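Novice: Handing you this structure, nothing more for now.
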Number of protein chains: 2
Amino acid sequence: MAPAQLSRSLIKNLDLFRSLPDAELDAALEKAQVCRLAEGDAAFRQGEVANRFFVLLHGHLKVVQTTPDGEQVVVRYVSPGDVFGIARAMRRTHYPASTLAVEESLALSWQSSEWDHFIASNPYFAANALQTVGQRLQDAHTRIQELSTEEVEQRVARALLRLVDQSGERTEEGILIKFPITRQDIAEMTGTTLHTVSRLLSAWKDRGLVVSGRKRIVVCSLNDLIRLAEGPHNPVAGVPSVERPA
Amino acid sequence: MAPAQLSRSLIKNLDLFRSLPDAELDAALEKAQVCRLAEGDAAFRQGEVANRFFVLLHGHLKVVQTTPDGEQVVVRYVSPGDVFGIARAMRRTHYPASTLAVEESLALSWQSSEWDHFIASNPYFAANALQTVGQRLQDAHTRIQELSTEEVEQRVARALLRLVDQSGERTEEGILIKFPITRQDIAEMTGTTLHTVSRLLSAWKDRGLVVSGRKRIVVCSLNDLIRLAEGPHNPVAGVPSVERPA
DNA sequence: CGTCCCGTTGATCCCTATCAAATGTAGTGG
DNA sequence: CCACTACATTTGATAGGGATCAACGGGACG
């Protein structure tokens with residue numbers, strides 16, 4: 001089974017599966033279903049019955065929640081190695097959000113009922129899951145704090161930094177965010193509008209902090225971006241405009 | 001051990017402990033420490049090593065996160081029966097927030113290391129914990145959505161409704177929130193200022209939606225409040241509008 | 001009875017959403 | 001290869017929701 005072979009080495013290093021014995025792991029892979037997603041495809045949609053859970057092998061997905069009146073919020077981006085769609089493990093019967101491929105992607109999926117088998121076959125599995133969800137909860141609280149107390153510029157700066165941290169790749173120009181992302185996406189991550197994000201990125205581009213194009217962002221000066229994220233309290237008077245070359 | 005006797009019937013009905021056999025439950029209670037808190041006392045503070053986890057028996061607590069520059073966010077209120085301080089279960093070594101009594105309260109606590117024993121003695125325990133944390137994650141996402149897409153008035157209305165739902169008590173005047181809560185608290189729950197909350201409550205009072213005083217809020221017209229929470233001027237569904245041009 | 005909190009209310013300002021258009025860029029099919 | 005289309009991005013103008021600044025009023029508690 002080619003895809004299983006391919007994914008085995010990937011899978012066995014994931015947080016979630018780390019403590020699973022090899023035999024169990026192989027048994028698990030037997031039952032897994034390969035899931036190919038073209039750009040724009042959904043692994044599942046908000047409101048559907050949570051029949052399956054997933055591990056991303058390749059590509060990038062975004063998790064999106066839609067409000068009753070049609071507004072969208074980007075919950076998070078999924079990178080290779082991440083688990084997603086585990087609603088059922090928290091005893092939720094339906095997916096609370098949609099998960100869409102932002103580029104061509106590849107995932108494995110299991111029947112939700114398999115979850116219990118995983119837990120039964122390894123006592124640490126549940127604890128690992130708890131840690132994963134705990135991390136997400138922490139992230140969510142951080143975001144609530146930012147939305148409650150910070151200004152738009154700080155929030156967008158932080159969002160960029162997080163993206164860089166999650167999927168940044170060094171290039172000639174600076175650190176590139178490795179998957180396609182629009183102004184609108186960033187707006188939905190930070191609780192603002194695409195217009196404001198565009199203005200901010202333009203201003204930053206003028207200052208040499210970033211380079212950006214269609215669905216593409218490169219961070220040139222991490223340090224300056226970090227300073228923006230810290231807050232506007234910094235007295236900007238007399239800042240030397242001389243850039244330090246790398 | 002009197003307090004243990006007193007709390008036994010309470011404990012055994014909690015989600016988290018529901019599946020623990022009676023013998024185990026008694027053993028657990030043996031190891032528990034009683035924790036009395038006067039108004040304003042902290043069960044623990046943000047940044048401390050997460051040595052213990054808790055169950056609230058009586059009273060009400062608020063969980064507060066403080067930002068580097070001193071601003072506060074109310075994460076949630078804890079009601080009797082709720083578990084709190086379980087950071088360690090998610091492999092976090094330090095508490096991410098402080099938990100303060102808003103009135104005289106009583107809790108049980110265990111050494112964090114006991115957590116593993118609980119899990120070992122009952123396979124469902126971890127799953128229950130996962131469900132609890134999953135619920136909190138869901139709540140956090142709801143709040144992110146509200147902060148991102150809704151206006152202050154809606155958010156405050158929703159916060160009130162949640163408080164009513166969590167700790168409302170029918171009285172002559174309407175539904176009373178059973179614990180002391182200030183304008184500032186509500187502001188920290190909704191990402192606004194005490195001034196704006198005060199203005200809103202005043203306006204609502206004039207319209208007969210609420211009655212409120214010092215640290216005290218009574219909701220008189222639930223329905224009107226629900227309408228406010230839905231949105232400012234939502235188009236009513238079912239209006240026969242002609243909007244499909246050929 | 002004074003003091004500390006908590007709550008109320010006015011005036012002002014500014015950040016940012018909103019409205020409106022134009023420009024730019026990838027993809028597609030002829 | 002180019003016209004055509006769909007979607008991303010940029011940028012200006014404007015308005016308004018709330019934050020901020022500033023005082024004052026009022027109830028609780030020592």
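Residues in the structure tokens are named by chain (A, B, ... in the order shown) and by number from 1 within that chain; ligands are numbered from 1 in the order shown.
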For the strand (DSSP E or B) assignment from backbone DSSP, which residues of stretch 8-232 of chain B qualify? Please present them as a PyMOL selection string.
Specialist: chain B and resi 33-37+42-44+49+52-58+61-66+72-78+83-84+94+98-101+105-111+168-170+175-177+210-213+216-219
Novice: Those same residues - C-alpha atoms - I'd like them written as a PDB file, in the first residue's frame.
Specialist:
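As written to disk, again_7.pdb reads:
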```
ATOM      1  CA  GLN B  33      -7.673  19.190  50.566  1.00  0.00           C
ATOM      2  CA  VAL B  34     -10.408  21.607  51.512  1.00  0.00           C
ATOM      3  CA  CYS B  35      -9.882  25.137  50.322  1.00  0.00           C
ATOM      4  CA  ARG B  36     -11.821  28.054  51.788  1.00  0.00           C
ATOM      5  CA  LEU B  37     -11.691  31.352  49.969  1.00  0.00           C
ATOM      6  CA  ALA B  42      -7.010  33.651  44.869  1.00  0.00           C
ATOM      7  CA  ALA B  43      -7.074  29.874  44.538  1.00  0.00           C
ATOM      8  CA  PHE B  44      -3.909  30.381  42.499  1.00  0.00           C
ATOM      9  CA  VAL B  49       3.634  26.414  39.135  1.00  0.00           C
ATOM     10  CA  ARG B  52      -2.898  21.499  42.283  1.00  0.00           C
ATOM     11  CA  PHE B  53      -6.216  21.145  40.531  1.00  0.00           C
ATOM     12  CA  PHE B  54      -9.637  21.961  41.977  1.00  0.00           C
ATOM     13  CA  VAL B  55     -13.356  21.370  42.077  1.00  0.00           C
ATOM     14  CA  LEU B  56     -15.609  24.170  43.235  1.00  0.00           C
ATOM     15  CA  LEU B  57     -18.185  23.122  45.816  1.00  0.00           C
ATOM     16  CA  HIS B  58     -19.763  26.425  46.723  1.00  0.00           C
ATOM     17  CA  LEU B  61     -14.833  32.383  41.092  1.00  0.00           C
ATOM     18  CA  LYS B  62     -13.605  34.350  38.136  1.00  0.00           C
ATOM     19  CA  VAL B  63     -10.677  33.331  35.978  1.00  0.00           C
ATOM     20  CA  VAL B  64      -8.626  36.360  34.963  1.00  0.00           C
ATOM     21  CA  GLN B  65      -5.754  36.730  32.555  1.00  0.00           C
ATOM     22  CA  THR B  66      -3.493  39.756  32.874  1.00  0.00           C
ATOM     23  CA  GLN B  72      -7.176  42.190  32.332  1.00  0.00           C
ATOM     24  CA  VAL B  73      -9.467  39.762  30.565  1.00  0.00           C
ATOM     25  CA  VAL B  74     -12.080  37.681  32.349  1.00  0.00           C
ATOM     26  CA  VAL B  75     -11.725  34.218  30.876  1.00  0.00           C
ATOM     27  CA  ARG B  76     -14.793  32.718  32.540  1.00  0.00           C
ATOM     28  CA  TYR B  77     -16.749  32.362  35.745  1.00  0.00           C
ATOM     29  CA  VAL B  78     -16.562  29.158  37.726  1.00  0.00           C
ATOM     30  CA  VAL B  83     -13.319  21.814  37.637  1.00  0.00           C
ATOM     31  CA  PHE B  84     -10.554  24.422  37.413  1.00  0.00           C
ATOM     32  CA  HIS B  94       2.286  26.942  35.094  1.00  0.00           C
ATOM     33  CA  SER B  98      -5.426  33.678  38.092  1.00  0.00           C
ATOM     34  CA  THR B  99      -8.599  32.410  39.726  1.00  0.00           C
ATOM     35  CA  LEU B 100     -10.240  34.702  42.271  1.00  0.00           C
ATOM     36  CA  ALA B 101     -13.251  34.284  44.528  1.00  0.00           C
ATOM     37  CA  SER B 105     -16.310  30.089  48.282  1.00  0.00           C
ATOM     38  CA  LEU B 106     -15.361  26.515  49.041  1.00  0.00           C
ATOM     39  CA  ALA B 107     -13.383  24.118  46.891  1.00  0.00           C
ATOM     40  CA  LEU B 108     -11.565  20.795  46.991  1.00  0.00           C
ATOM     41  CA  SER B 109      -8.084  20.416  45.599  1.00  0.00           C
ATOM     42  CA  TRP B 110      -5.679  17.647  44.753  1.00  0.00           C
ATOM     43  CA  GLN B 111      -1.989  17.432  44.058  1.00  0.00           C
ATOM     44  CA  GLY B 168     -29.613  33.016  36.946  1.00  0.00           C
ATOM     45  CA  GLU B 169     -32.207  32.909  39.705  1.00  0.00           C
ATOM     46  CA  ARG B 170     -35.868  33.797  39.258  1.00  0.00           C
ATOM     47  CA  ILE B 175     -33.750  36.890  36.653  1.00  0.00           C
ATOM     48  CA  LEU B 176     -30.979  37.801  39.074  1.00  0.00           C
ATOM     49  CA  ILE B 177     -27.341  36.994  38.494  1.00  0.00           C
ATOM     50  CA  VAL B 210     -32.888  45.279  33.265  1.00  0.00           C
ATOM     51  CA  VAL B 211     -32.651  46.521  36.815  1.00  0.00           C
ATOM     52  CA  SER B 212     -29.217  46.979  38.224  1.00  0.00           C
ATOM     53  CA  GLY B 213     -27.341  48.353  41.157  1.00  0.00           C
ATOM     54  CA  ARG B 216     -25.989  43.452  41.019  1.00  0.00           C
ATOM     55  CA  ILE B 217     -27.884  42.856  37.794  1.00  0.00           C
ATOM     56  CA  VAL B 218     -31.419  41.614  37.194  1.00  0.00           C
ATOM     57  CA  VAL B 219     -32.692  40.815  33.731  1.00  0.00           C
TER      58      VAL B 219
END
```
Novice: For chain B, which residues have at least one atom within 9 Å of chain A, if we go by only C-alpha atoms? Write them as a PyMOL selection string, please.
Specialist: chain B and resi 65-67+71-73+75+87+89-92+96+119-120+123+126-138+140-141+143-145+147-149+188-192+234
Novice: Please give the complete set of residues from stretch 147-199 of chain A that DSSP, run on the backbone, assigns to alpha helix (DSSP H), formatted as a ChimeraX atom specification.
Specialist: /A:147-149,152-167,183-190,194-199
Novice: Mind giving me the straight-line distance from atom CA of B:Asp26 to atom CA of B:Leu10 in Å, one decimal?
Specialist: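 Atom CA of B:Leu10 lies 12.6 Å from atom CA of B:Asp26.
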Novice: Dump as a list in words the residues of chain B that approach chain D to within 9 Å, counting only C-alpha atoms (C1' of nucleotides).
Specialist: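 On the chain B side, the interface is Glu151, Val152, Thr192, Thr193, Thr196 and Arg214 of chain B.
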Novice: Please write the residues from the selection above to a file, keeping C-alpha atoms, as a JSON list (two decimals), in the first residue's frame.
Specialist:
```json
[["chain", "number", "residue", "atom", "x", "y", "z"],
["B", 151, "GLU", "CA", -20.75, 45.19, 17.96],
["B", 152, "VAL", "CA", -20.35, 46.01, 21.61],
["B", 192, "THR", "CA", -14.91, 47.04, 26.03],
["B", 193, "THR", "CA", -14.74, 49.66, 28.80],
["B", 196, "THR", "CA", -19.63, 51.77, 27.63],
["B", 214, "ARG", "CA", -23.99, 48.06, 42.78]]
```
Novice: Define the interface residues of chain C facing chain B as those within 10 Å, counting only C-alpha atoms (C1' of nucleotides), and report them as JSON, numbers by chain.
Specialist: {"C": [5, 6, 7, 8, 9]}
Novice: Go ahead and save the picked residues with C-alpha atoms (C1' of nucleotides), as a PDB file, in the first residue's frame.
Specialist:
```pdb
ATOM      1  C1'  DC C   5     -15.338  51.937  45.524  1.00  0.00           C
ATOM      2  C1'  DC C   6     -18.639  51.646  42.151  1.00  0.00           C
ATOM      3  C1'  DG C   7     -21.575  53.781  38.950  1.00  0.00           C
ATOM      4  C1'  DT C   8     -23.225  57.632  35.895  1.00  0.00           C
ATOM      5  C1'  DT C   9     -22.881  61.007  32.438  1.00  0.00           C
TER       6       DT C   9
END
```
